[in-house]
$ cat query.txt   # compact mmCIF, C-alpha atoms and all ligand atoms
# COMPACT_ATOMS: atom_id res chain seq x y z
CA MET T 226 158.53 249.77 12.54
CA LYS T 227 161.69 249.61 14.67
CA LYS T 228 162.67 246.11 15.69
CA LYS T 229 163.35 245.45 19.36
CA GLU T 230 166.62 243.74 20.17
CA LEU T 231 166.04 240.43 21.89
CA VAL T 232 168.35 238.99 24.52
CA VAL T 233 167.09 235.51 25.19
CA GLY T 234 167.35 233.06 28.06
CA VAL T 235 166.29 229.52 27.13
CA PHE T 236 164.95 226.87 29.51
CA GLY T 237 165.45 223.34 28.17
CA PHE T 238 167.92 222.08 25.59
CA GLY T 239 166.25 218.87 24.47
CA CYS T 240 164.56 218.21 21.13
CA VAL T 241 162.99 221.67 20.69
CA GLY T 242 165.65 223.70 22.55
CA GLN T 243 168.43 222.33 20.36
CA GLY T 244 166.21 222.72 17.32
CA LEU T 245 165.76 226.40 18.16
CA TYR T 246 169.51 226.89 18.53
CA GLU T 247 170.11 225.35 15.08
CA VAL T 248 167.26 227.26 13.46
CA LEU T 249 168.58 230.57 14.83
CA GLU T 250 172.07 229.74 13.56
CA LYS T 251 170.60 229.18 10.09
CA THR T 252 168.61 232.44 10.17
CA PRO T 253 171.38 235.05 10.02
CA GLY T 254 168.98 237.84 9.10
CA PHE T 255 167.25 237.57 12.46
CA LYS T 256 169.53 239.05 15.11
CA THR T 257 168.84 237.41 18.43
CA THR T 258 171.32 236.56 21.13
CA ILE T 259 170.86 233.48 23.29
CA LYS T 260 172.66 234.56 26.45
CA LYS T 261 172.08 231.55 28.69
CA ILE T 262 170.47 228.11 28.58
CA CYS T 263 169.11 226.57 31.77
CA VAL T 264 169.01 222.75 31.92
CA LYS T 265 168.53 220.20 34.67
CA ASP T 266 170.90 217.24 34.48
CA ARG T 267 174.46 218.13 35.51
CA ASN T 268 175.88 214.89 34.12
CA LYS T 269 174.55 215.04 30.56
CA PRO T 270 177.10 215.69 27.82
CA ARG T 271 176.36 219.02 26.08
CA SER T 272 177.01 220.20 22.54
CA LEU T 273 177.87 223.85 23.32
CA SER T 274 180.53 225.45 25.51
CA GLN T 275 179.85 224.87 29.24
CA SER T 276 179.72 228.64 29.78
CA MET T 277 176.42 228.76 27.83
CA TYR T 278 174.63 226.59 30.41
CA THR T 279 173.35 227.11 33.90
CA PHE T 280 171.46 224.88 36.34
CA ALA T 281 170.08 227.83 38.35
CA LYS T 282 166.90 229.39 36.96
CA GLU T 283 167.70 232.71 38.70
CA ASP T 284 170.67 233.18 36.34
CA ILE T 285 168.10 233.84 33.63
CA LEU T 286 165.10 235.09 35.57
CA ASN T 287 167.09 237.73 37.50
CA ASP T 288 169.36 238.85 34.67
CA PRO T 289 168.24 242.41 33.80
CA GLU T 290 169.77 242.18 30.32
CA ILE T 291 167.62 239.18 29.31
CA ASN T 292 164.29 240.50 28.00
CA VAL T 293 162.83 237.25 26.59
CA VAL T 294 162.49 233.85 28.23
CA VAL T 295 161.92 230.84 25.96
CA GLU T 296 160.49 227.96 27.98
CA LEU T 297 161.06 224.55 26.35
CA ILE T 298 161.13 222.07 29.22
CA ASP T 299 159.18 218.84 29.66
CA ASP T 300 157.90 219.44 33.20
CA SER T 301 154.65 221.43 33.26
CA GLU T 302 154.75 222.35 36.96
CA ALA T 303 158.32 223.63 36.87
CA ALA T 304 157.44 225.37 33.59
CA PHE T 305 154.56 227.28 35.20
CA GLU T 306 156.86 228.48 38.00
CA ILE T 307 159.46 229.63 35.45
CA VAL T 308 156.94 231.33 33.15
CA SER T 309 155.05 233.12 35.93
CA GLU T 310 158.30 234.31 37.54
CA ALA T 311 159.53 235.56 34.14
CA LEU T 312 156.29 237.50 33.54
CA ARG T 313 156.44 238.97 37.06
CA ASN T 314 159.99 240.09 36.23
CA LYS T 315 158.61 241.84 33.13
CA LYS T 316 160.24 239.49 30.64
CA ALA T 317 158.31 238.46 27.52
CA VAL T 318 157.87 234.70 27.28
CA VAL T 319 157.63 232.14 24.47
CA SER T 320 156.52 228.62 25.44
CA ALA T 321 155.72 225.36 23.63
CA ASN T 322 154.20 223.71 26.68
CA LYS T 323 150.51 223.02 25.94
CA LYS T 324 149.94 221.13 29.21
CA MET T 325 151.27 223.99 31.31
CA ILE T 326 149.36 226.60 29.30
CA ALA T 327 146.06 224.67 29.30
CA GLU T 328 146.23 223.92 33.04
CA ASN T 329 147.00 227.55 33.92
CA PHE T 330 145.31 229.48 31.12
CA HIS T 331 143.40 231.88 33.33
CA ALA T 332 146.33 232.61 35.65
CA LEU T 333 148.58 233.25 32.65
CA LEU T 334 146.06 235.71 31.18
CA GLU T 335 146.00 237.59 34.49
CA LEU T 336 149.79 237.68 34.75
CA GLN T 337 150.09 239.09 31.21
CA LYS T 338 147.55 241.77 32.05
CA GLN T 339 148.99 242.65 35.45
CA TYR T 340 152.63 242.88 34.34
CA GLU T 341 151.91 244.12 30.80
CA VAL T 342 154.20 241.60 29.12
CA PRO T 343 153.36 239.15 26.33
CA LEU T 344 153.33 235.36 26.39
CA LEU T 345 153.30 233.71 22.95
CA TYR T 346 152.83 229.96 22.35
CA GLU T 347 152.32 229.17 18.66
CA ALA T 348 154.44 225.99 18.98
CA ALA T 349 152.13 224.61 21.67
CA CYS T 350 149.33 223.88 19.16
CA CYS T 351 150.24 221.78 16.13
CA ALA T 352 153.93 222.80 16.20
CA SER T 353 154.66 224.20 12.74
CA ILE T 354 151.08 225.18 11.79
CA PRO T 355 150.49 228.90 12.39
CA ILE T 356 147.01 228.42 13.79
CA ILE T 357 146.88 230.58 16.91
CA ARG T 358 147.91 233.81 15.28
CA ASN T 359 145.51 233.09 12.41
CA LEU T 360 142.63 232.52 14.82
CA GLU T 361 143.59 235.69 16.64
CA GLU T 362 144.15 237.96 13.62
CA TYR T 363 142.74 236.52 10.41
CA TYR T 364 139.44 235.26 11.78
CA ASP T 365 138.86 238.39 13.76
CA ASN T 366 135.65 239.36 11.95
CA ASP T 367 134.71 236.49 9.64
CA LEU T 368 132.68 234.52 12.14
CA LEU T 369 134.07 231.13 12.95
CA GLU T 370 131.59 228.30 12.93
CA SER T 371 133.90 225.39 13.62
CA ILE T 372 137.42 224.19 14.00
CA GLU T 373 138.31 220.53 13.77
CA GLY T 374 141.62 218.85 13.40
CA ILE T 375 144.25 216.24 13.94
CA VAL T 376 146.39 217.95 16.53
CA ASN T 377 148.48 215.09 17.94
CA GLY T 378 151.30 213.62 15.86
CA SER T 379 151.97 210.45 17.93
CA THR T 380 148.42 209.14 17.75
CA ASN T 381 148.19 210.04 14.07
CA TYR T 382 151.35 208.06 13.42
CA ILE T 383 149.92 205.04 15.29
CA LEU T 384 146.58 205.24 13.46
CA THR T 385 148.33 205.64 10.10
CA LYS T 386 150.28 202.43 10.73
CA THR T 387 147.12 200.47 11.65
CA ASP T 388 145.80 201.48 8.25
CA SER T 389 148.78 201.47 5.88
CA ASP T 390 150.74 198.56 7.39
CA ASN T 391 147.79 196.53 8.73
CA LEU T 392 149.21 196.65 12.27
CA SER T 393 147.09 196.14 15.39
CA TYR T 394 146.85 199.09 17.78
CA ALA T 395 149.43 197.45 20.14
CA GLU T 396 151.90 196.75 17.31
CA ALA T 397 151.57 200.28 15.92
CA LEU T 398 152.11 201.78 19.39
CA GLN T 399 155.25 199.69 19.88
CA LEU T 400 156.59 200.82 16.50
CA ALA T 401 155.86 204.48 17.33
CA GLN T 402 157.71 204.08 20.64
CA SER T 403 160.72 202.42 19.02
CA LEU T 404 161.01 205.32 16.52
CA GLY T 405 160.61 208.02 19.17
CA TYR T 406 157.15 209.15 17.93
CA ALA T 407 155.54 208.09 21.22
CA GLU T 408 156.77 208.32 24.81
CA SER T 409 157.45 205.19 26.88
CA ASN T 410 154.40 206.30 28.92
CA PRO T 411 152.20 207.34 26.00
CA SER T 412 148.95 207.92 27.91
CA LEU T 413 148.90 211.74 27.57
CA ASP T 414 148.84 211.26 23.81
CA THR T 415 146.91 207.99 23.40
CA GLU T 416 144.14 208.88 25.87
CA GLY T 417 143.52 212.20 24.13
CA TYR T 418 144.80 214.55 26.87
CA ASP T 419 147.43 216.25 24.72
CA ALA T 420 144.78 216.91 22.05
CA LYS T 421 142.44 218.24 24.73
CA PHE T 422 145.09 220.70 26.05
CA LYS T 423 145.55 222.01 22.51
CA LEU T 424 141.80 222.25 21.94
CA LEU T 425 141.42 224.26 25.16
CA ILE T 426 143.96 226.79 23.86
CA LEU T 427 142.39 226.84 20.39
CA ILE T 428 138.85 227.55 21.62
CA ALA T 429 140.08 230.48 23.71
CA HIS T 430 141.46 232.08 20.53
CA ALA T 431 138.69 230.83 18.21
CA PHE T 432 135.59 231.51 20.32
CA GLY T 433 136.79 233.39 23.42
CA ILE T 434 135.81 230.49 25.66
CA LEU T 435 137.89 229.97 28.81
CA VAL T 436 137.56 226.54 30.40
CA LYS T 437 139.51 224.11 32.56
CA PRO T 438 140.87 220.85 31.07
CA THR T 439 138.26 218.88 33.03
CA ASP T 440 135.49 220.78 31.18
CA ILE T 441 136.46 219.21 27.84
CA PHE T 442 135.56 215.57 27.30
CA ASN T 443 138.21 213.39 25.69
CA ILE T 444 138.40 209.81 24.51
CA GLY T 445 141.68 208.69 23.00
CA ILE T 446 142.68 205.82 20.75
CA ASN T 447 143.87 203.42 23.46
CA ASN T 448 140.75 201.23 23.37
CA ILE T 449 140.59 200.89 19.59
CA GLY T 450 140.43 197.23 18.57
CA ASP T 451 140.65 195.16 15.41
CA LEU T 452 136.91 195.34 14.75
CA GLU T 453 136.91 199.12 14.36
CA ILE T 454 140.07 199.01 12.23
CA GLN T 455 138.44 196.40 10.00
CA TYR T 456 135.13 198.32 9.89
CA ALA T 457 137.00 201.45 8.71
CA LYS T 458 138.81 199.51 5.99
CA GLU T 459 135.64 197.91 4.67
CA LYS T 460 133.88 201.27 4.41
CA GLY T 461 136.91 203.08 2.91
CA TYR T 462 137.31 205.29 5.98
CA LYS T 463 140.31 206.10 8.15
CA ILE T 464 140.17 206.40 11.92
CA LYS T 465 141.64 209.72 13.12
CA LEU T 466 141.78 211.29 16.57
CA ILE T 467 139.86 214.54 16.11
CA ALA T 468 139.73 217.65 18.28
CA ASN T 469 136.42 219.26 17.46
CA ALA T 470 134.69 222.53 18.39
CA TYR T 471 131.61 223.91 16.62
CA LYS T 472 128.78 226.34 17.22
CA THR T 473 125.48 224.55 17.82
CA SER T 474 122.00 225.72 16.82
CA GLU T 475 121.46 226.76 20.47
CA GLY T 476 124.26 229.34 20.09
CA LYS T 477 126.66 227.38 22.26
CA VAL T 478 129.92 225.63 21.38
CA ALA T 479 130.21 221.84 21.42
CA CYS T 480 133.75 220.77 22.13
CA TYR T 481 135.37 217.35 22.56
CA VAL T 482 138.17 215.01 21.51
CA LEU T 483 137.07 211.69 19.98
CA PRO T 484 138.35 209.16 17.46
CA LYS T 485 136.35 209.47 14.25
CA PHE T 486 135.81 207.54 11.01
CA VAL T 487 136.93 210.04 8.37
CA LYS T 488 135.74 209.82 4.74
CA SER T 489 138.11 210.11 1.78
CA GLU T 490 136.43 213.41 0.77
CA SER T 491 137.71 215.10 3.94
CA ASN T 492 141.05 216.92 3.88
CA LEU T 493 141.86 215.16 7.16
CA PHE T 494 141.77 211.75 5.40
CA SER T 495 145.22 212.34 3.87
CA VAL T 496 146.85 213.78 6.98
CA ASN T 497 149.18 210.90 7.77
CA ASP T 498 152.09 209.96 10.04
CA ALA T 499 153.17 212.72 12.42
CA TYR T 500 151.48 215.46 10.38
CA ASN T 501 148.72 217.62 11.83
CA GLY T 502 145.82 219.19 9.97
CA ILE T 503 143.12 221.69 10.89
CA ILE T 504 139.93 222.64 9.07
CA THR T 505 138.28 225.93 9.94
CA LYS T 506 134.79 226.87 8.77
CA THR T 507 133.68 230.47 8.77
CA SER T 508 130.56 232.29 7.69
CA PHE T 509 132.05 233.89 4.58
CA ALA T 510 135.23 232.04 3.61
CA ASP T 511 133.60 228.59 4.01
CA THR T 512 136.26 225.97 4.80
CA GLN T 513 140.00 226.39 4.94
CA PHE T 514 142.61 223.74 5.60
CA PHE T 515 145.96 223.98 7.37
CA LEU T 516 148.51 221.17 7.08
CA GLY T 517 151.96 220.88 8.64
CA LYS T 518 154.35 218.92 10.77
CA GLY T 519 152.94 218.57 14.26
CA ALA T 520 156.19 217.69 16.01
CA GLY T 521 159.95 217.49 15.58
CA ALA T 522 162.90 219.70 16.41
CA HIS T 523 162.94 222.08 13.46
CA PRO T 524 159.19 222.29 12.69
CA THR T 525 158.48 223.12 16.34
CA ALA T 526 161.43 225.51 16.54
CA SER T 527 160.12 227.31 13.43
CA ALA T 528 157.02 228.31 15.42
CA VAL T 529 159.19 229.46 18.34
CA LEU T 530 161.28 231.47 15.87
CA SER T 531 158.14 233.06 14.48
CA ASP T 532 157.04 234.03 18.01
CA LEU T 533 160.47 235.56 18.70
CA SER T 534 160.23 237.52 15.48
CA ALA T 535 156.74 238.68 16.46
CA LEU T 536 158.05 239.81 19.86
CA SER T 537 160.74 241.87 18.16
CA TYR T 538 157.85 243.87 16.62
CA ASN T 539 156.15 244.11 20.03
CA TYR T 540 153.38 241.70 19.05
CA GLN T 541 151.13 240.31 21.75
CA TYR T 542 147.90 238.31 21.68
CA GLU T 543 144.99 240.66 22.23
CA TYR T 544 142.65 237.75 23.04
CA LYS T 545 140.17 239.50 20.77
CA LYS T 546 137.41 236.90 21.01
CA ILE T 547 137.48 237.01 24.81
CA HIS T 548 137.15 240.78 24.71
CA GLN T 549 134.41 240.69 22.07
CA ASN T 550 132.48 239.28 25.00
CA GLU T 551 130.06 237.07 23.12
CA ASN T 552 129.95 235.06 26.32
CA LEU T 553 129.69 231.77 24.46
CA GLN T 554 129.12 228.72 26.67
CA LEU T 555 130.07 225.11 26.15
CA ASP T 556 127.25 222.86 24.97
CA THR T 557 127.53 219.95 27.39
CA ASP T 558 124.59 218.05 25.95
CA CYS T 559 125.16 218.06 22.18
CA LYS T 560 124.27 214.85 20.31
CA ILE T 561 126.97 212.80 18.63
CA ASP T 562 126.61 209.91 16.14
CA VAL T 563 128.85 207.08 17.25
CA MET T 564 129.68 203.45 16.85
CA TYR T 565 130.25 201.62 20.13
CA ARG T 566 131.95 198.23 20.23
CA HIS T 567 131.12 196.36 23.43
CA SER T 568 131.37 193.02 25.16
CA ILE T 569 128.29 190.76 25.18
CA GLN T 570 127.76 191.35 28.92
CA GLU T 571 127.59 195.10 28.35
CA SER T 572 125.02 195.16 25.58
CA GLU T 573 121.94 195.54 27.81
CA LYS T 574 123.29 198.33 29.98
CA VAL T 575 124.73 200.49 27.18
CA PHE T 576 121.42 200.69 25.23
CA GLN T 577 119.76 202.98 27.73
CA TYR T 578 122.52 205.61 27.31
CA PHE T 579 121.73 206.05 23.61
CA HIS T 580 119.31 208.70 22.39
CA THR T 581 118.51 206.76 19.19
CA ILE T 582 119.86 203.48 17.82
CA ASP T 583 120.36 202.79 14.10
CA GLU T 584 122.15 199.46 13.95
CA VAL T 585 122.82 196.61 16.35
CA TYR T 586 125.20 193.76 15.68
CA LYS T 587 126.08 190.88 18.00
CA ASN T 588 127.99 187.63 17.71
CA LYS T 589 129.06 185.25 20.48
CA ASP T 590 132.07 187.36 21.55
CA PHE T 591 131.12 191.01 21.12
CA GLY T 592 128.66 193.43 19.63
CA TYR T 593 128.44 196.94 18.29
CA ILE T 594 125.82 199.64 18.15
CA THR T 595 125.59 202.66 15.92
CA GLY T 596 123.38 205.50 17.00
CA THR T 597 123.17 208.92 18.62
CA ILE T 598 124.29 209.61 22.16
CA SER T 599 124.43 212.87 24.09
CA LEU T 600 127.81 214.15 25.23
CA GLN T 601 126.53 214.03 28.80
CA ASN T 602 125.62 210.32 28.54
CA LEU T 603 128.85 209.50 26.78
CA LYS T 604 130.72 211.11 29.66
CA LYS T 605 128.60 209.29 32.26
CA TYR T 606 129.16 205.93 30.59
CA LYS T 607 132.92 206.46 30.29
CA GLU T 608 133.17 207.56 33.91
CA GLN T 609 131.35 204.42 35.08
CA PHE T 610 133.09 201.97 32.75
CA PRO T 611 136.40 203.52 31.71
CA GLU T 612 137.97 200.29 30.48
CA ASN T 613 135.02 199.06 28.43
CA GLY T 614 134.70 198.96 24.65
CA SER T 615 135.42 201.79 22.28
CA PHE T 616 133.43 204.76 21.03
CA ILE T 617 134.19 206.14 17.58
CA GLN T 618 132.38 209.08 16.08
CA LEU T 619 130.64 208.24 12.81
CA THR T 620 131.51 210.27 9.78
CA SER T 621 129.04 213.05 9.00
N1 LIG W 1 159.28 217.51 20.77
C1 LIG W 1 158.35 218.03 20.01
O1 LIG W 1 158.21 217.69 18.82
C2 LIG W 1 157.41 219.07 20.57
C3 LIG W 1 156.42 219.64 19.74
C4 LIG W 1 155.58 220.64 20.25
C5 LIG W 1 155.73 221.04 21.57
N2 LIG W 1 156.69 220.45 22.36
C6 LIG W 1 156.81 220.89 23.75
O2 LIG W 1 158.09 221.48 23.93
C7 LIG W 1 158.53 221.27 25.26
C8 LIG W 1 159.93 220.61 25.22
O3 LIG W 1 159.81 219.35 24.59
P1 LIG W 1 161.11 218.53 24.13
O4 LIG W 1 160.60 217.44 23.26
O5 LIG W 1 162.16 219.43 23.62
O6 LIG W 1 161.56 217.89 25.53
P2 LIG W 1 162.90 217.06 25.84
O7 LIG W 1 163.61 216.69 24.59
O8 LIG W 1 162.52 216.00 26.80
O9 LIG W 1 163.84 218.14 26.60
C9 LIG W 1 163.47 218.66 27.82
C10 LIG W 1 164.53 219.63 28.29
O10 LIG W 1 164.00 220.29 29.47
C11 LIG W 1 165.05 220.32 30.43
N3 LIG W 1 164.44 220.45 31.75
C12 LIG W 1 163.52 219.66 32.36
N4 LIG W 1 163.16 220.16 33.56
C13 LIG W 1 163.87 221.30 33.71
C14 LIG W 1 163.95 222.28 34.72
N5 LIG W 1 163.20 222.20 35.82
N6 LIG W 1 164.79 223.34 34.54
C15 LIG W 1 165.54 223.43 33.42
N7 LIG W 1 165.50 222.54 32.42
C16 LIG W 1 164.69 221.48 32.55
C17 LIG W 1 165.83 219.03 30.21
O11 LIG W 1 167.09 219.20 30.81
P3 LIG W 1 168.27 218.13 30.65
O12 LIG W 1 168.82 218.37 29.28
O13 LIG W 1 169.21 218.50 31.72
O14 LIG W 1 167.65 216.79 30.80
C18 LIG W 1 165.85 218.98 28.68
O15 LIG W 1 166.92 219.75 28.17
C19 LIG W 1 157.47 220.41 25.94
O16 LIG W 1 156.58 221.24 26.63
C20 LIG W 1 156.73 219.76 24.77
O17 LIG W 1 155.39 219.45 25.07
C21 LIG W 1 157.52 219.48 21.89

$ encode --input "query.txt" --output "structure tokens" --more "lines below"
Ligand SMILES: NC(=O)c1ccc[n+]([C@@H]2O[C@H](COP(=O)([O-])OP(=O)(O)OC[C@H]3O[C@@H](n4cnc5c(N)ncnc54)[C@H](OP(=O)(O)O)[C@@H]3O)[C@@H](O)[C@H]2O)c1
Amino acid sequence: MKKKELVVGVFGFGCVGQGLYEVLEKTPGFKTTIKKICVKDRNKPRSLSQSMYTFAKEDILNDPEINVVVELIDDSEAAFEIVSEALRNKKAVVSANKKMIAENFHALLELQKQYEVPLLYEAACCASIPIIRNLEEYYDNDLLESIEGIVNGSTNYILTKTDSDNLSYAEALQLAQSLGYAESNPSLDTEGYDAKFKLLILIAHAFGILVKPTDIFNIGINNIGDLEIQYAKEKGYKIKLIANAYKTSEGKVACYVLPKFVKSESNLFSVNDAYNGIITKTSFADTQFFLGKGAGAHPTASAVLSDLSALSYNYQYEYKKIHQNENLQLDTDCKIDVMYRHSIQESEKVFQYFHTIDEVYKNKDFGYITGTISLQNLKKYKEQFPENGSFIQLTS
């Protein structure tokens, strides 16, 4: 097959943008020209010749020679404007921006269809792990039953440190921030939104389900306290933030992000630090496990490089599962086994939300319950009392 020559305009020259530049320099066999790089801050010192940079997006978007736009900026609204304008101008796009993609998934599908140009975003889900193209191509016919994984590196780093270094949640967060693994405002990661954005993209490719971010329930790790950390240690478990989607017996798909006690038998147990891991389960292959770096300049750039290479062979996502038209719906009322740690004042009111209760513990300061709760009730309780206690899914 004849390779298409790519002339690339890059938006963003931060961690991933610079990583891409270095990765391309070290990949001499792959002939791609970066013609221009658009950045924002006029006063920042830059590592390349000034002539490579522009501050005007039109210099890339209106350049007829540039046929690929790589969007690697940290502002999801500006990113959507750039990406939609690029698609309207018939330029193929590669993006790593899960927030922008998840918030505009439907509009981006329409733009790709209307202007007949591809948008690829392997780096947006689990950085270096090639999960999207595998869901799209490899699992085309072997029916997927579930996909579950650790898809956020910052929270996995924090949770790893609570386990391996006996740190409290607050100490581990501070360490992650000081080492650049977590943002100064970490809420997108710690409250489970970043994982939710990735899960939204994954279920479109895994099950053909198109939803809005508000349709997927997420609890992060920000309320995890010493009791849960201690409970995990005593039982030989690890707490991991898990993005989970599985077909239910009603033929729907249950889908949520929750912290979970993970047993040592699970492949996810050993996914530590900023690594990501995904387990797929299919009808015929049974389970498969993907492991890789979920963040960082070069690991993320390697996925962008792979998308660029795919574009040079005219690859585009066919969104096969959407077109297979199974019309799968989200199961909003699936039952989940959880442990809930609560204050003494809360204990009476939380009981009624549970479907069944297995264990109740109380001392003078706090209590916990283990039992089964429906996703709907979990959502209701969290909406009413967002700051209370902490829910952790029990290991299955
Ligand atoms: N870092 C990772 O490990 C990782 C992993 C997976 C996915 N991602 C995704 O990759 C994207 C980039 O992340 P990053 O870590 O590389 O961010 P970053 O280091 O903060 O860099 C952001 C870059 O975007 C530029 N920028 C911001 N707004 C702009 C605008 N309106 N027009 C042009 N340039 C603009 C900034 O310009 P200045 O240089 O002028 O400030 C900067 O160069 C994000 O969507 C992120 O979620 C990152």

$ residues_near_point --input "query.txt" --point "(147.2, 217.1, 20.4)" --cutoff "9 Å" --atoms "only C-alpha atoms" --output "PyMOL selection string"
chain T and resi 323+350-351+375-380+414+417-424+466-468+501+519

$ residues_near_ligand --input "query.txt" --ligand "ligand LIG 1 (chain W)" --cutoff "8 Å" --atoms "only C-alpha atoms and all ligand atoms" --output "ChimeraX atom specification"
/T:236-243,263-269,280-282,296-301,303-304,320-325,348-352,519-522,524-525

$ write_last_selection --input "query.txt" --atoms "C-alpha atoms" --output "PDB file, in the frame of the given file"
ATOM      1  CA  PHE T 236     164.950 226.870  29.510  1.00  0.00           C
ATOM      2  CA  GLY T 237     165.450 223.340  28.170  1.00  0.00           C
ATOM      3  CA  PHE T 238     167.920 222.080  25.590  1.00  0.00           C
ATOM      4  CA  GLY T 239     166.250 218.870  24.470  1.00  0.00           C
ATOM      5  CA  CYS T 240     164.560 218.210  21.130  1.00  0.00           C
ATOM      6  CA  VAL T 241     162.990 221.670  20.690  1.00  0.00           C
ATOM      7  CA  GLY T 242     165.650 223.700  22.550  1.00  0.00           C
ATOM      8  CA  GLN T 243     168.430 222.330  20.360  1.00  0.00           C
ATOM      9  CA  CYS T 263     169.110 226.570  31.770  1.00  0.00           C
ATOM     10  CA  VAL T 264     169.010 222.750  31.920  1.00  0.00           C
ATOM     11  CA  LYS T 265     168.530 220.200  34.670  1.00  0.00           C
ATOM     12  CA  ASP T 266     170.900 217.240  34.480  1.00  0.00           C
ATOM     13  CA  ARG T 267     174.460 218.130  35.510  1.00  0.00           C
ATOM     14  CA  ASN T 268     175.880 214.890  34.120  1.00  0.00           C
ATOM     15  CA  LYS T 269     174.550 215.040  30.560  1.00  0.00           C
ATOM     16  CA  PHE T 280     171.460 224.880  36.340  1.00  0.00           C
ATOM     17  CA  ALA T 281     170.080 227.830  38.350  1.00  0.00           C
ATOM     18  CA  LYS T 282     166.900 229.390  36.960  1.00  0.00           C
ATOM     19  CA  GLU T 296     160.490 227.960  27.980  1.00  0.00           C
ATOM     20  CA  LEU T 297     161.060 224.550  26.350  1.00  0.00           C
ATOM     21  CA  ILE T 298     161.130 222.070  29.220  1.00  0.00           C
ATOM     22  CA  ASP T 299     159.180 218.840  29.660  1.00  0.00           C
ATOM     23  CA  ASP T 300     157.900 219.440  33.200  1.00  0.00           C
ATOM     24  CA  SER T 301     154.650 221.430  33.260  1.00  0.00           C
ATOM     25  CA  ALA T 303     158.320 223.630  36.870  1.00  0.00           C
ATOM     26  CA  ALA T 304     157.440 225.370  33.590  1.00  0.00           C
ATOM     27  CA  SER T 320     156.520 228.620  25.440  1.00  0.00           C
ATOM     28  CA  ALA T 321     155.720 225.360  23.630  1.00  0.00           C
ATOM     29  CA  ASN T 322     154.200 223.710  26.680  1.00  0.00           C
ATOM     30  CA  LYS T 323     150.510 223.020  25.940  1.00  0.00           C
ATOM     31  CA  LYS T 324     149.940 221.130  29.210  1.00  0.00           C
ATOM     32  CA  MET T 325     151.270 223.990  31.310  1.00  0.00           C
ATOM     33  CA  ALA T 348     154.440 225.990  18.980  1.00  0.00           C
ATOM     34  CA  ALA T 349     152.130 224.610  21.670  1.00  0.00           C
ATOM     35  CA  CYS T 350     149.330 223.880  19.160  1.00  0.00           C
ATOM     36  CA  CYS T 351     150.240 221.780  16.130  1.00  0.00           C
ATOM     37  CA  ALA T 352     153.930 222.800  16.200  1.00  0.00           C
ATOM     38  CA  GLY T 519     152.940 218.570  14.260  1.00  0.00           C
ATOM     39  CA  ALA T 520     156.190 217.690  16.010  1.00  0.00           C
ATOM     40  CA  GLY T 521     159.950 217.490  15.580  1.00  0.00           C
ATOM     41  CA  ALA T 522     162.900 219.700  16.410  1.00  0.00           C
ATOM     42  CA  PRO T 524     159.190 222.290  12.690  1.00  0.00           C
ATOM     43  CA  THR T 525     158.480 223.120  16.340  1.00  0.00           C
TER      44      THR T 525
END

$ residues_around --input "query.txt" --residues "T:Ala317" --least-positions-apart "5" --cutoff "9 Å" --atoms "only C-alpha atoms" --output "PyMOL selection string"
chain T and resi 292-295+311-312+342-345+536

$ closest_residue --input "query.txt" --among "T:Gly502, T:Gly450, T:Gly445, T:Pro355" --to "T:His567" --atoms "all atoms listed in the file"
T:Gly450

$ closest_residue --input "query.txt" --among "T:Ile428, T:Ile383, T:Ile326, T:Leu603" --to "T:Ala499" --atoms "all atoms listed in the file"
T:Ile383

$ closest_residue --input "query.txt" --among "T:Cys480, T:Val585, T:Val318, T:Ile357" --to "T:Glu341" --atoms "all atoms listed in the file"
T:Val318

$ atom_distance --input "query.txt" --atom1 "atom CA of T:Asp388" --atom2 "atom CA of T:Tyr586"
23.2 Å

$ atom_distance --input "query.txt" --atom1 "atom CA of T:Pro484" --atom2 "atom CA of T:Lys574"
22.4 Å

$ residues_around --input "query.txt" --residues "T:Val478" --least-positions-apart "4" --cutoff "12 Å" --atoms "only C-alpha atoms" --output "list in words"
Leu369, Glu370, Ser371, Ile372, Ile428, Ala429, Ala431, Phe432, Gly433, Ile434, Leu435, Val436, Ile441, Asn469, Ala470, Tyr471, Lys472, Thr473, Ser474, Glu551, Asn552, Leu553, Gln554, Leu555, Asp556, Thr557, Asp558 and Cys559 of chain T

$ closest_residue --input "query.txt" --among "T:His523, T:Arg271, T:Lys386, T:Lys488" --to "T:Gly244" --atoms "all atoms listed in the file"
T:His523

$ atom_distance --input "query.txt" --atom1 "atom CA of T:Thr439" --atom2 "atom CA of T:Leu425"
10.0 Å

$ closest_residue --input "query.txt" --among "T:Glu571, T:Glu335, T:Glu396, T:Asp451" --to "T:Ile464" --atoms "all atoms listed in the file"
T:Asp451

$ residues_around --input "query.txt" --residues "T:Gln577" --least-positions-apart "3" --cutoff "12 Å" --atoms "all atoms listed in the file" --output "tab-separated table (two decimals) with C-alpha atoms, keeping the file's coordinate frame"
chain	number	residue	atom	x	y	z
T	571	GLU	CA	127.59	195.10	28.35
T	572	SER	CA	125.02	195.16	25.58
T	573	GLU	CA	121.94	195.54	27.81
T	574	LYS	CA	123.29	198.33	29.98
T	580	HIS	CA	119.31	208.70	22.39
T	581	THR	CA	118.51	206.76	19.19
T	582	ILE	CA	119.86	203.48	17.82
T	594	ILE	CA	125.82	199.64	18.15
T	596	GLY	CA	123.38	205.50	17.00
T	597	THR	CA	123.17	208.92	18.62
T	598	ILE	CA	124.29	209.61	22.16
T	599	SER	CA	124.43	212.87	24.09
T	602	ASN	CA	125.62	210.32	28.54
T	603	LEU	CA	128.85	209.50	26.78
T	605	LYS	CA	128.60	209.29	32.26
T	606	TYR	CA	129.16	205.93	30.59
